[in-house]
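What's in run_24.pdb: PDB, C-alpha atoms and all ligand atoms
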```pdb
ATOM      1  CA  MET L   1      11.673   0.470 -14.195  1.00  0.00           C
ATOM      2  CA  GLN L   2       8.678  -1.740 -13.400  1.00  0.00           C
ATOM      3  CA  SER L   3       6.137  -0.528 -10.921  1.00  0.00           C
ATOM      4  CA  ILE L   4       5.303  -2.679  -7.904  1.00  0.00           C
ATOM      5  CA  GLN L   5       1.957  -3.383  -9.480  1.00  0.00           C
ATOM      6  CA  GLU L   6       3.428  -4.672 -12.722  1.00  0.00           C
ATOM      7  CA  SER L   7       5.998  -6.888 -11.067  1.00  0.00           C
ATOM      8  CA  TRP L   8       3.582  -9.112  -9.155  1.00  0.00           C
ATOM      9  CA  GLN L   9       0.346  -8.791 -11.066  1.00  0.00           C
ATOM     10  CA  ARG L  10       1.816 -10.715 -13.980  1.00  0.00           C
ATOM     11  CA  PHE L  11       1.634 -13.811 -11.761  1.00  0.00           C
ATOM     12  CA  ALA L  12      -1.866 -13.218 -10.371  1.00  0.00           C
ATOM     13  CA  ALA L  13      -3.943 -16.392 -10.317  1.00  0.00           C
ATOM     14  CA  CYS L  14      -7.143 -14.350 -10.687  1.00  0.00           C
ATOM     15  CA  LYS L  15      -6.476 -13.180 -14.218  1.00  0.00           C
ATOM     16  CA  GLY L  16      -8.880 -14.392 -16.847  1.00  0.00           C
ATOM     17  CA  PRO L  17     -12.368 -15.840 -16.683  1.00  0.00           C
ATOM     18  CA  TYR L  18     -12.655 -15.835 -12.881  1.00  0.00           C
ATOM     19  CA  ALA L  19     -11.902 -12.147 -12.399  1.00  0.00           C
ATOM     20  CA  GLU L  20     -15.568 -11.300 -11.754  1.00  0.00           C
ATOM     21  CA  LEU L  21     -15.504 -13.407  -8.584  1.00  0.00           C
ATOM     22  CA  PHE L  22     -13.284 -10.851  -6.890  1.00  0.00           C
ATOM     23  CA  TYR L  23     -15.629  -7.863  -6.992  1.00  0.00           C
ATOM     24  CA  PRO L  24     -19.305  -7.451  -6.200  1.00  0.00           C
ATOM     25  CA  PRO L  25     -21.633  -7.306  -9.211  1.00  0.00           C
ATOM     26  CA  ASN L  26     -23.282  -4.068 -10.292  1.00  0.00           C
ATOM     27  CA  THR L  27     -26.617  -5.544  -9.299  1.00  0.00           C
ATOM     28  CA  THR L  28     -27.769  -6.346  -5.773  1.00  0.00           C
ATOM     29  CA  GLU L  29     -26.028  -9.333  -4.239  1.00  0.00           C
ATOM     30  CA  ARG L  30     -27.663 -11.287  -1.448  1.00  0.00           C
ATOM     31  CA  ARG L  31     -25.600 -12.218   1.591  1.00  0.00           C
ATOM     32  CA  GLU L  32     -25.447 -15.885   0.607  1.00  0.00           C
ATOM     33  CA  GLU L  33     -24.417 -15.005  -2.951  1.00  0.00           C
ATOM     34  CA  LYS L  34     -21.660 -12.740  -1.650  1.00  0.00           C
ATOM     35  CA  SER L  35     -20.465 -15.450   0.705  1.00  0.00           C
ATOM     36  CA  ASN L  36     -20.346 -18.046  -2.071  1.00  0.00           C
ATOM     37  CA  ARG L  37     -18.633 -15.677  -4.510  1.00  0.00           C
ATOM     38  CA  GLU L  38     -16.027 -14.665  -1.955  1.00  0.00           C
ATOM     39  CA  SER L  39     -15.419 -18.251  -0.968  1.00  0.00           C
ATOM     40  CA  ASP L  40     -14.728 -19.161  -4.593  1.00  0.00           C
ATOM     41  CA  ALA L  41     -12.403 -16.168  -4.972  1.00  0.00           C
ATOM     42  CA  LYS L  42     -10.539 -17.005  -1.776  1.00  0.00           C
ATOM     43  CA  SER L  43      -9.960 -20.562  -2.967  1.00  0.00           C
ATOM     44  CA  ILE L  44      -8.129 -19.100  -5.964  1.00  0.00           C
ATOM     45  CA  CYS L  45      -6.145 -16.772  -3.705  1.00  0.00           C
ATOM     46  CA  ALA L  46      -5.115 -19.739  -1.574  1.00  0.00           C
ATOM     47  CA  GLU L  47      -3.182 -21.153  -4.536  1.00  0.00           C
ATOM     48  CA  CYS L  48      -1.781 -17.815  -5.710  1.00  0.00           C
ATOM     49  CA  THR L  49       1.982 -17.332  -5.563  1.00  0.00           C
ATOM     50  CA  VAL L  50       1.710 -13.552  -5.134  1.00  0.00           C
ATOM     51  CA  LYS L  51      -0.858 -13.547  -2.351  1.00  0.00           C
ATOM     52  CA  SER L  52       1.321 -11.614   0.105  1.00  0.00           C
ATOM     53  CA  ASP L  53       2.286  -8.998  -2.480  1.00  0.00           C
ATOM     54  CA  CYS L  54      -1.351  -8.617  -3.414  1.00  0.00           C
ATOM     55  CA  LEU L  55      -2.492  -8.129   0.165  1.00  0.00           C
ATOM     56  CA  GLU L  56       0.248  -5.603   0.907  1.00  0.00           C
ATOM     57  CA  TYR L  57      -0.587  -3.677  -2.243  1.00  0.00           C
ATOM     58  CA  ALA L  58      -4.288  -3.527  -1.379  1.00  0.00           C
ATOM     59  CA  ILE L  59      -3.445  -2.245   2.093  1.00  0.00           C
ATOM     60  CA  GLU L  60      -0.959   0.267   0.710  1.00  0.00           C
ATOM     61  CA  ILE L  61      -3.482   1.789  -1.687  1.00  0.00           C
ATOM     62  CA  ASN L  62      -6.306   1.472   0.847  1.00  0.00           C
ATOM     63  CA  GLU L  63      -8.395  -0.585  -1.560  1.00  0.00           C
ATOM     64  CA  THR L  64     -11.978  -0.554  -0.371  1.00  0.00           C
ATOM     65  CA  TYR L  65     -13.542  -3.151  -2.672  1.00  0.00           C
ATOM     66  CA  GLY L  66     -13.091  -6.767  -3.520  1.00  0.00           C
ATOM     67  CA  ILE L  67     -10.976  -9.721  -2.545  1.00  0.00           C
ATOM     68  CA  TRP L  68      -7.259  -9.005  -2.455  1.00  0.00           C
ATOM     69  CA  GLY L  69      -4.690 -11.348  -1.000  1.00  0.00           C
ATOM     70  CA  GLY L  70      -7.423 -13.687   0.170  1.00  0.00           C
ATOM     71  CA  LEU L  71      -9.222 -11.080   2.280  1.00  0.00           C
ATOM     72  CA  ASN L  72     -12.324  -9.032   1.639  1.00  0.00           C
ATOM     73  CA  GLU L  73     -12.565  -5.351   2.511  1.00  0.00           C
ATOM     74  CA  LEU L  74     -13.696  -5.891   6.111  1.00  0.00           C
ATOM     75  CA  GLU L  75     -11.110  -8.604   6.733  1.00  0.00           C
ATOM     76  CA  ARG L  76      -8.371  -6.293   5.444  1.00  0.00           C
ATOM     77  CA  LYS L  77      -9.463  -3.606   7.872  1.00  0.00           C
ATOM     78  CA  VAL L  78      -9.302  -6.080  10.756  1.00  0.00           C
ATOM     79  CA  PHE L  79      -5.937  -7.398   9.558  1.00  0.00           C
ATOM     80  CA  THR L  80      -4.517  -3.882   9.295  1.00  0.00           C
ATOM     81  CA  GLU L  81      -5.817  -2.875  12.701  1.00  0.00           C
ATOM     82  CA  ARG L  82      -4.430  -5.993  14.358  1.00  0.00           C
ATOM     83  CA  ARG L  83      -1.053  -5.450  12.732  1.00  0.00           C
ATOM     84  CA  ARG L  84      -1.061  -1.816  13.829  1.00  0.00           C
ATOM     85  CA  ARG L  85      -1.697  -2.966  17.385  1.00  0.00           C
ATOM     86  CA  GLY L  86       1.021  -5.612  17.116  1.00  0.00           C
ATOM     87  CA  ARG L  87      -1.317  -8.596  17.396  1.00  0.00           C
TER      88      ARG L  87
HETATM   89  S1  LIG H 101      -4.012 -13.200  -4.028  1.00  0.00           S
HETATM   90 FE1  LIG H 101      -6.021 -13.462  -4.960  1.00  0.00          FE
HETATM   91  S2  LIG H 101      -6.662 -11.412  -5.600  1.00  0.00           S
HETATM   92 FE2  LIG H 101      -4.456 -11.357  -5.232  1.00  0.00          FE
HETATM   93  S3  LIG H 101      -3.489 -11.723  -7.194  1.00  0.00           S
HETATM   94 FE3  LIG H 101      -3.677 -13.689  -6.169  1.00  0.00          FE
HETATM   95  S4  LIG H 101      -5.603 -14.564  -6.848  1.00  0.00           S
HETATM   96 FE4  LIG H 101      -5.637 -12.378  -7.360  1.00  0.00          FE
END
```

Please express what this file holds, its structure, as structure tokens.
Ligand code: SF4
Amino acid sequence: MQSIQESWQRFAACKGPYAELFYPPNTTERREEKSNRESDAKSICAECTVKSDCLEYAIEINETYGIWGGLNELERKVFTERRRRGR
């Protein structure tokens, strides 16, 4: 039986050379650099066919880093809170 992760991650648009856009670097990243990196990552997410699966997975595992499903960590928290409140 395939895991949930295996079933959708095969179709992830972020596989390959752009993967580093989705997580902060090990070195210090200025605010503008983070904004530009995340914007580039989100543009890939916007075309991804498994965006919803990705976002739900990140929420399910309480992922605290990176861009998942087109949202960064803070945006996922806001999304989750709004959904919990029914907004
Ligand atoms: S939604 Fe974004 S982070 Fe998730 S699999 Fe697709 S491209 Fe990757």

Task: Ref. answer, residues at most 10 Å from (-5.5, -18.2, -3.2) with only C-alpha atoms, as a list in words - done: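 Selection result: Ala12, Ala13, Cys14, Asp40, Ala41, Lys42, Ser43, Ile44, Cys45, Ala46, Glu47, Cys48, Thr49, Val50, Lys51, Trp68, Gly69, Gly70 and Leu71 of chain L.
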
Using the file's own x, y and z axes, so that the box edges lie along x, y and z, what centre and edge lengths in Å (one decimal) does a box around every listed atom of ligand LIG 101 (chain H) get when 8 Å is added on each side? Give it as JSON.
```
{"center_x": -5.1, "center_y": -13.0, "center_z": -5.7, "size_x": 19.2, "size_y": 19.2, "size_z": 19.3}
```

- [ ] Would you mind reading off the distance between CA of Asn72 (chain L) and CA of Glu38 (chain L), one decimal, in Å?
- [x]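 Computing it gives 7.6 Å between the two atoms.
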
Open item on the list: Given the PyMOL selection byres (((chain L and resi 23-32) around 10) and not hetatm) and the file above, list the residues it selects as a ChimeraX atom specification.
Closed with: /L:19-22,33-38,41,65-68,72

Open item on the list: With distances taken over all atoms listed in the file, which residue among L:Arg87, L:Ser39, L:Ser52, L:Ser7 lies nearest ligand LIG 101 (chain H)?
Closed with: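 Closest to ligand LIG 101 (chain H), using all atoms listed in the file: L:Ser52.
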
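The closest residue to Asp53 (chain L), picked from L:Arg10, L:Lys15, L:Arg82, L:Lys77 and counting only C-alpha atoms, is L:Arg10.
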
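The space separating CA of Phe11 (chain L) from atom S3 of ligand LIG 101 (chain H) comes to 7.2 Å.
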
- [ ] Quick one: pull the distance between CA of Gly16 (chain L) and CA of Val78 (chain L), Å, one decimal.
- [x]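 Separation between CA of Gly16 (chain L) and CA of Val78 (chain L): 28.8 Å.
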
Open item on the list: Between L:Leu74, L:Trp8, L:Gly86, L:Tyr18, which residue has the minimum interatomic distance to Glu56 (chain L), considering all atoms listed in the file?
Closed with: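 Closest to Glu56 (chain L) of all the choices is L:Trp8.
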
Open item on the list: With distances taken over only C-alpha atoms and all ligand atoms, which residue among L:Pro17, L:Cys54, L:Glu63, L:Glu81 lies nearest ligand LIG 101 (chain H)?
Closed with: L:Cys54
